[in-house]
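To be precise, the following lines are input_27.txt, and they hold compact mmCIF, C-alpha atoms.
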# COMPACT_ATOMS: atom_id res chain seq x y z
CA MET V 1 29.58 -1.26 -8.75
CA ARG V 2 27.24 1.09 -6.89
CA PHE V 3 24.47 -0.13 -4.63
CA GLN V 4 21.97 1.83 -2.57
CA GLN V 5 21.10 0.50 0.84
CA SER V 6 17.47 0.42 1.95
CA ILE V 7 16.37 3.57 3.76
CA LEU V 8 15.14 1.47 6.68
CA ALA V 9 18.47 -0.34 6.87
CA CYS V 10 20.29 2.97 7.19
CA VAL V 11 17.97 4.33 9.85
CA VAL V 12 17.29 1.27 11.99
CA PRO V 13 19.94 -1.37 11.23
CA GLY V 14 18.90 -3.56 14.14
CA LEU V 15 15.55 -4.21 12.44
CA VAL V 16 16.88 -5.20 9.00
CA SER V 17 16.25 -8.92 9.51
CA ALA V 18 12.71 -8.28 10.77
CA ILE V 19 11.05 -6.72 7.71
CA THR V 20 8.29 -9.29 7.46
CA PRO V 21 4.58 -9.11 6.60
CA PRO V 22 2.35 -8.16 9.54
CA SER V 23 -0.21 -10.49 11.06
CA ILE V 24 -3.83 -9.81 10.08
CA GLN V 25 -6.54 -10.81 12.53
CA GLY V 26 -8.53 -13.81 11.32
CA MET V 27 -6.09 -14.57 8.50
CA SER V 28 -2.97 -16.67 8.07
CA ILE V 29 -0.03 -16.14 5.74
CA VAL V 30 -0.13 -18.70 2.94
CA TRP V 31 3.09 -17.44 1.35
CA SER V 32 5.47 -14.52 1.81
CA GLU V 33 8.81 -13.12 0.62
CA ASP V 34 10.99 -10.75 2.64
CA PHE V 35 13.90 -10.18 0.21
CA GLU V 36 16.73 -10.91 2.62
CA GLY V 37 20.18 -11.31 1.12
CA PRO V 38 23.45 -9.54 0.36
CA ALA V 39 23.55 -6.21 -1.46
CA GLY V 40 23.58 -6.65 -5.22
CA GLY V 41 22.18 -10.18 -5.09
CA SER V 42 19.34 -11.58 -7.17
CA PRO V 43 15.94 -12.62 -5.81
CA LYS V 44 15.58 -16.28 -4.89
CA GLY V 45 15.78 -18.36 -8.05
CA ASP V 46 13.42 -21.03 -6.75
CA VAL V 47 10.73 -18.41 -6.06
CA TRP V 48 11.10 -15.76 -8.77
CA ASN V 49 11.64 -15.56 -12.50
CA VAL V 50 13.75 -12.50 -13.37
CA MET V 51 12.28 -11.56 -16.73
CA ASP V 52 13.84 -10.31 -19.94
CA ALA V 53 12.72 -10.29 -23.58
CA ILE V 54 9.30 -8.87 -22.60
CA ASP V 55 7.77 -6.62 -25.26
CA THR V 56 4.33 -5.26 -24.35
CA ASN V 57 2.35 -2.02 -24.27
CA ASN V 58 4.84 -0.27 -26.59
CA GLU V 59 7.17 0.25 -23.63
CA VAL V 60 10.66 1.52 -24.47
CA GLN V 61 12.73 -0.25 -21.81
CA THR V 62 14.48 -3.57 -22.14
CA TYR V 63 14.04 -5.76 -19.07
CA THR V 64 17.32 -7.31 -17.96
CA THR V 65 18.60 -9.74 -15.33
CA SER V 66 21.37 -7.29 -14.37
CA ASN V 67 21.66 -6.17 -10.76
CA GLN V 68 21.88 -2.64 -12.13
CA ASN V 69 18.13 -2.99 -12.77
CA VAL V 70 16.86 -5.45 -10.16
CA GLN V 71 18.77 -6.18 -6.96
CA ILE V 72 18.51 -7.18 -3.34
CA SER V 73 19.48 -4.03 -1.41
CA GLY V 74 21.17 -5.73 1.54
CA GLY V 75 18.67 -3.99 3.80
CA GLY V 76 15.81 -6.46 3.53
CA THR V 77 14.32 -5.05 0.31
CA ILE V 78 14.43 -5.47 -3.45
CA GLN V 79 14.94 -2.51 -5.78
CA PHE V 80 13.73 -2.07 -9.36
CA VAL V 81 15.89 0.66 -10.90
CA PRO V 82 15.32 2.05 -14.40
CA ARG V 83 18.56 3.05 -16.15
CA LYS V 84 19.26 5.18 -19.22
CA SER V 85 22.45 4.56 -21.17
CA ALA V 86 24.65 7.24 -22.71
CA SER V 87 23.03 6.42 -26.05
CA GLY V 88 19.53 6.94 -24.61
CA HIS V 89 18.48 3.29 -24.27
CA TRP V 90 16.40 2.45 -21.20
CA THR V 91 16.66 -0.77 -19.18
CA SER V 92 14.71 -1.87 -16.10
CA GLY V 93 13.67 -4.85 -13.96
CA ARG V 94 10.69 -7.18 -13.73
CA ILE V 95 10.13 -10.32 -11.65
CA GLU V 96 7.30 -12.86 -11.54
CA THR V 97 6.55 -15.57 -9.00
CA LYS V 98 7.04 -19.11 -10.21
CA GLY V 99 4.13 -20.21 -8.05
CA SER V 100 0.47 -19.22 -8.20
CA TRP V 101 -2.36 -18.99 -5.68
CA THR V 102 -6.09 -19.65 -6.02
CA PRO V 103 -8.65 -17.70 -3.96
CA ALA V 104 -10.44 -20.45 -2.02
CA PRO V 105 -14.25 -20.74 -2.08
CA GLY V 106 -15.87 -19.58 1.14
CA LYS V 107 -12.74 -17.64 2.16
CA VAL V 108 -11.11 -14.24 1.89
CA THR V 109 -7.76 -13.97 0.09
CA LYS V 110 -5.45 -10.97 0.34
CA ILE V 111 -2.36 -10.16 -1.73
CA GLU V 112 -0.30 -7.33 -0.24
CA SER V 113 3.10 -5.65 -0.56
CA ASN V 114 4.95 -2.85 1.22
CA ILE V 115 6.34 -0.46 -1.37
CA LEU V 116 8.44 2.71 -1.56
CA LEU V 117 8.42 4.81 -4.74
CA GLY V 118 11.48 6.83 -5.73
CA SER V 119 11.75 10.47 -4.64
CA ASN V 120 12.18 12.16 -8.02
CA LEU V 121 9.65 14.91 -8.71
CA PRO V 122 6.80 14.17 -11.15
CA ILE V 123 8.40 16.44 -13.76
CA ASN V 124 11.39 14.06 -13.70
CA LYS V 125 9.29 10.87 -13.92
CA GLN V 126 7.54 11.25 -17.25
CA GLY V 127 7.09 7.72 -18.62
CA ILE V 128 8.09 5.93 -15.39
CA TRP V 129 5.50 3.23 -14.61
CA PRO V 130 5.96 1.13 -11.42
CA ALA V 131 3.52 -1.71 -10.85
CA PHE V 132 2.54 -4.48 -8.41
CA TRP V 133 0.04 -6.82 -10.04
CA ALA V 134 -1.29 -10.34 -10.59
CA LEU V 135 -1.98 -12.28 -13.78
CA GLY V 136 -4.16 -15.30 -14.29
CA ASP V 137 -2.00 -18.43 -14.39
CA ALA V 138 -3.96 -19.39 -17.51
CA MET V 139 -1.61 -16.99 -19.35
CA ARG V 140 1.13 -19.57 -18.84
CA HIS V 141 -1.05 -22.25 -20.42
CA GLY V 142 -2.11 -20.59 -23.65
CA THR V 143 -5.04 -18.34 -22.67
CA GLN V 144 -4.68 -14.91 -24.22
CA TRP V 145 -4.83 -11.55 -22.47
CA PRO V 146 -7.18 -10.24 -21.18
CA ALA V 147 -9.28 -13.43 -21.05
CA ALA V 148 -6.82 -14.92 -18.54
CA GLY V 149 -7.62 -12.10 -16.11
CA GLU V 150 -5.38 -9.39 -14.65
CA ILE V 151 -5.60 -7.59 -11.31
CA ASP V 152 -3.41 -4.49 -11.04
CA ILE V 153 -2.89 -3.91 -7.33
CA MET V 154 -0.78 -0.74 -7.55
CA GLU V 155 0.27 1.36 -10.50
CA GLN V 156 1.63 4.87 -10.66
CA VAL V 157 2.08 6.73 -13.93
CA SER V 158 4.70 9.44 -14.59
CA GLY V 159 5.08 10.33 -10.92
CA ALA V 160 1.52 11.63 -10.53
CA LEU V 161 0.27 11.47 -6.93
CA THR V 162 -2.45 8.97 -7.85
CA GLY V 163 -2.47 5.23 -7.32
CA TYR V 164 -4.50 2.95 -9.58
CA GLY V 165 -6.19 -0.39 -8.95
CA THR V 166 -7.55 -2.05 -12.10
CA VAL V 167 -8.92 -5.29 -13.53
CA HIS V 168 -8.60 -6.48 -17.12
CA CYS V 169 -10.80 -9.31 -18.35
CA GLY V 170 -12.98 -10.72 -21.09
CA SER V 171 -12.46 -9.55 -24.66
CA SER V 172 -9.69 -7.29 -25.95
CA SER V 173 -12.13 -4.56 -26.96
CA GLY V 174 -15.01 -3.40 -24.80
CA GLY V 175 -16.62 -6.22 -22.85
CA PRO V 176 -17.28 -6.34 -19.10
CA CYS V 177 -13.88 -4.76 -18.30
CA ASN V 178 -14.12 -1.93 -20.86
CA GLU V 179 -10.90 -2.96 -22.60
CA PRO V 180 -8.28 -1.91 -23.29
CA LEU V 181 -8.67 0.57 -20.40
CA GLY V 182 -9.99 -1.91 -17.83
CA ARG V 183 -12.20 -1.16 -14.82
CA GLN V 184 -10.30 1.14 -12.54
CA GLY V 185 -10.31 2.78 -9.12
CA THR V 186 -7.96 5.50 -7.89
CA THR V 187 -6.60 6.86 -4.63
CA PRO V 188 -4.41 9.85 -3.72
CA LEU V 189 -0.76 8.97 -3.04
CA SER V 190 1.32 10.38 -0.23
CA THR V 191 4.90 11.25 -0.98
CA GLY V 192 7.70 9.42 0.79
CA GLY V 193 7.85 6.32 2.96
CA PHE V 194 6.74 2.74 2.50
CA HIS V 195 3.03 2.06 1.99
CA THR V 196 1.09 -1.21 1.97
CA TRP V 197 -0.89 -1.86 -1.20
CA GLY V 198 -3.30 -4.76 -1.38
CA VAL V 199 -6.18 -6.48 -3.07
CA THR V 200 -8.80 -8.55 -1.24
CA ILE V 201 -10.84 -11.24 -3.01
CA ASP V 202 -13.89 -12.15 -0.91
CA ARG V 203 -15.56 -15.46 -1.83
CA THR V 204 -17.48 -15.91 1.42
CA ASN V 205 -20.83 -15.44 -0.35
CA ASP V 206 -22.02 -18.48 -2.34
CA ASP V 207 -23.60 -16.14 -4.89
CA TRP V 208 -20.79 -15.05 -7.24
CA ARG V 209 -22.67 -11.83 -7.98
CA ALA V 210 -22.22 -10.76 -4.34
CA GLN V 211 -18.54 -11.64 -4.20
CA THR V 212 -16.06 -8.75 -4.24
CA ILE V 213 -12.58 -7.64 -5.24
CA SER V 214 -11.41 -4.66 -3.15
CA TRP V 215 -8.29 -2.51 -3.34
CA THR V 216 -6.60 -1.09 -0.25
CA LEU V 217 -3.88 1.39 0.61
CA ASP V 218 -2.47 1.11 4.14
CA GLY V 219 -5.48 -0.99 5.13
CA ASN V 220 -8.10 1.46 3.84
CA THR V 221 -10.38 0.32 1.02
CA TYR V 222 -10.58 2.78 -1.85
CA SER V 223 -12.31 0.75 -4.58
CA THR V 224 -14.58 -2.32 -4.76
CA LEU V 225 -15.78 -4.40 -7.70
CA THR V 226 -18.56 -7.01 -7.42
CA GLY V 227 -19.44 -10.00 -9.50
CA ALA V 228 -22.67 -8.20 -10.35
CA ASP V 229 -20.62 -5.32 -11.78
CA ILE V 230 -18.94 -7.76 -14.19
CA ASN V 231 -22.27 -9.56 -14.78
CA ASP V 232 -20.63 -12.56 -16.47
CA ALA V 233 -19.99 -15.70 -14.43
CA PRO V 234 -17.08 -17.18 -16.48
CA VAL V 235 -15.35 -13.79 -16.68
CA TRP V 236 -15.77 -13.24 -12.94
CA SER V 237 -14.30 -16.70 -12.39
CA SER V 238 -11.19 -15.71 -14.37
CA LEU V 239 -10.66 -12.84 -11.92
CA ALA V 240 -11.82 -14.17 -8.55
CA HIS V 241 -11.84 -17.98 -8.71
CA SER V 242 -8.70 -18.82 -10.68
CA PRO V 243 -4.99 -19.11 -9.80
CA VAL V 244 -2.87 -15.97 -10.18
CA TYR V 245 0.85 -15.27 -10.07
CA ILE V 246 2.44 -12.06 -8.78
CA LEU V 247 4.52 -9.52 -10.70
CA LEU V 248 6.64 -6.51 -9.71
CA ASN V 249 8.26 -4.19 -12.24
CA VAL V 250 9.10 -0.67 -13.33
CA ALA V 251 8.26 -0.03 -16.98
CA VAL V 252 9.41 2.98 -18.98
CA GLY V 253 7.14 4.52 -21.60
CA GLY V 254 4.25 2.66 -23.16
CA ASP V 255 0.70 3.33 -24.28
CA TRP V 256 -0.49 4.67 -20.94
CA PRO V 257 2.26 6.98 -19.61
CA GLY V 258 3.72 7.91 -22.98
CA ALA V 259 7.42 8.12 -23.73
CA PRO V 260 10.02 9.53 -21.31
CA ASN V 261 11.32 12.97 -22.22
CA LEU V 262 14.54 14.91 -21.76
CA LEU V 263 13.61 15.72 -18.14
CA THR V 264 13.00 12.08 -17.17
CA LEU V 265 15.65 10.91 -14.73
CA ASP V 266 16.83 7.35 -14.24
CA GLY V 267 18.35 5.74 -11.15
CA TYR V 268 17.20 5.37 -7.57
CA GLY V 269 15.00 8.46 -7.63
CA SER V 270 12.76 6.68 -10.16
CA MET V 271 12.93 3.22 -8.62
CA MET V 272 10.40 1.04 -6.83
CA GLU V 273 11.63 -0.59 -3.58
CA VAL V 274 9.74 -3.48 -1.98
CA GLN V 275 10.08 -4.76 1.59
CA TRP V 276 7.80 -7.78 1.38
CA VAL V 277 5.03 -9.51 -0.54
CA ALA V 278 2.46 -11.79 1.07
CA VAL V 279 -0.60 -13.89 0.30
CA TYR V 280 -3.11 -14.30 3.14
CA SER V 281 -6.19 -16.49 3.52
CA SER V 282 -8.96 -16.50 6.12

Take the structure from the file and write it as structure tokens.
Amino acid sequence: MRFQQSILACVVPGLVSAITPPSIQGMSIVWSEDFEGPAGGSPKGDVWNVMDAIDTNNEVQTYTTSNQNVQISGGGTIQFVPRKSASGHWTSGRIETKGSWTPAPGKVTKIESNILLGSNLPINKQGIWPAFWALGDAMRHGTQWPAAGEIDIMEQVSGALTGYGTVHCGSSSGGPCNEPLGRQGTTPLSTGGFHTWGVTIDRTNDDWRAQTISWTLDGNTYSTLTGADINDAPVWSSLAHSPVYILLNVAVGGDWPGAPNLLTLDGYGSMMEVQWVAVYSS
């Protein structure tokens, strides 16, 4: 069985055990995950659900629990690796936190992760769709999408050097989030290296219309949405006042990126590698 060690582990082995979320002034870490463990292992079973049998967005991959698709690297990271079989069938990995977190009134909540995207060229990533996102916990209790609320913290589509931050909410067609497209911000991506993607939910203002959801890349804000932009108190509550759980995955194909083609490569060059995930609160 073949495993790829984390790039950081290869370069600076003495720091492997220290890949932890950074401190942020004025905030404390409510929860974090640093993906320590032996190469080829699974993420912690008491923290994560490793998902299979997910069928959404007309994606072509099958999510599996195999360490060929989702594995601890042995270098303090987790890797999501899309694979294509000899018969042309795609498989990949997706995990979801078992727990959920509620942005507290009067406080600022941040959800962040440090992420490396595989080095394949865009021409070899058609249909590859890595994502770091959060779903309203109401999804687990019968509320339908998008009414439960969704905050996409980082998405990349088909290797394009653009990162997307998006919310989905309200009704399945039109509505305050312009479904099914959602309300979206973008930022240029740099190639190579780990980058910290985050979303900040600011509830310090008592007036929900003045509250904000902001998206950041390496600490720099590139998009902000206000309650006034949504202009619907219950819908805003589904996004900014309600518990969310965290998801990490690499999809293949689907309505947005379109299907992979003959040039699309599988393996580590199309993977997403994650050092840590953290939830902060002021």

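Surrounding residues of (13.0, -9.5, -17.7) at most 10 Å away are Asn49, Val50, Met51, Asp52, Ala53, Ile54, Asp55, Thr62, Tyr63, Thr64, Thr65, Ser66, Asn69, Val70, Thr91, Ser92, Gly93, Arg94, Ile95, Glu96 and Asn249 of chain V (based on all atoms listed in the file).
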
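Among the candidate residues V:Val81, V:Met139, V:Ala240, V:Ala160, the one lying nearest to V:Gln211 is V:Ala240, with distances computed using all atoms listed in the file.
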
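The space separating atom CA of V:Gly254 from atom CA of V:Val157 comes to 10.3 Å.
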
Review point. Could you list as a VMD selection string every residue that has an atom within 8 Å of (10.2, -12.6, 5.2), using the file's coordinates and counting all atoms listed in the file?
Key: chain V and resid 18 to 21 32 to 36 276

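Nearest to V:Ala138 of all the residues V:Pro243, V:Gly165, V:Gly41, V:Gly118 is V:Pro243, based on all atoms listed in the file.
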
Practice item. Show which residues sit within 9 Å of stretch 227-229 of chain V, as a PyMOL selection string. Count all atoms listed in the file, and ignore same-chain residues fewer than 3 positions away. Key: chain V and resi 176+207-213+232-233+236-237+240

**Study point:** Contact residues around V:Gln25 with only C-alpha atoms at 12 Å, ignoring same-chain residues under 5 positions, as a list in words
**Key:** Tyr280, Ser281 and Ser282 of chain V

Within 9 Å of V:Gly182, counting only C-alpha atoms, which residues qualify if same-chain residues fewer than 2 places away don't, as a CSV table (one decimal) with C-alpha atoms, keeping the file's coordinate frame?
chain,number,residue,atom,x,y,z
V,166,THR,CA,-7.6,-2.0,-12.1
V,167,VAL,CA,-8.9,-5.3,-13.5
V,168,HIS,CA,-8.6,-6.5,-17.1
V,169,CYS,CA,-10.8,-9.3,-18.4
V,174,GLY,CA,-15.0,-3.4,-24.8
V,176,PRO,CA,-17.3,-6.3,-19.1
V,177,CYS,CA,-13.9,-4.8,-18.3
V,178,ASN,CA,-14.1,-1.9,-20.9
V,179,GLU,CA,-10.9,-3.0,-22.6
V,180,PRO,CA,-8.3,-1.9,-23.3
V,184,GLN,CA,-10.3,1.1,-12.5

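The residue that comes closest to V:Thr264, out of V:Thr200, V:Ser23, V:Asn120, V:Ser28 and on the basis of only C-alpha atoms, is V:Asn120.
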
Revision key, fill the gap. Counting all atoms listed in the file, closest pick from V:Pro260, V:Gly175, V:Gly193, V:Gly99 relative to V:Gln275 is V:Gly193

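Minimum atom-to-atom distance to V:Leu248, evaluated using all atoms listed in the file, belongs to V:Glu112 out of V:Gly163, V:Val30, V:Glu112, V:Asn220.
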
**Study point:** Residues near stretch 107-110 of chain V, cut-off 9 Å, only C-alpha atoms, skip fewer than 6 positions along chain, as a list in words
**Key:** Met27, Gly198, Val199, Thr200, Ile201, Asp202, Arg203, Thr204, Asn205, Ala278, Val279, Tyr280, Ser281 and Ser282 of chain V

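Residues lying within 8 Å of V:Ser190, counting all atoms listed in the file and ignoring same-chain neighbours fewer than 2 positions away, are Leu161, Pro188 and Gly192 of chain V.
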
Those selected residues, please, written with C-alpha atoms and delivered as a PDB file, in the frame of the given file.
ATOM      1  CA  LEU V 161       0.270  11.470  -6.930  1.00  0.00           C
ATOM      2  CA  PRO V 188      -4.410   9.850  -3.720  1.00  0.00           C
ATOM      3  CA  GLY V 192       7.700   9.420   0.790  1.00  0.00           C
TER       4      GLY V 192
END
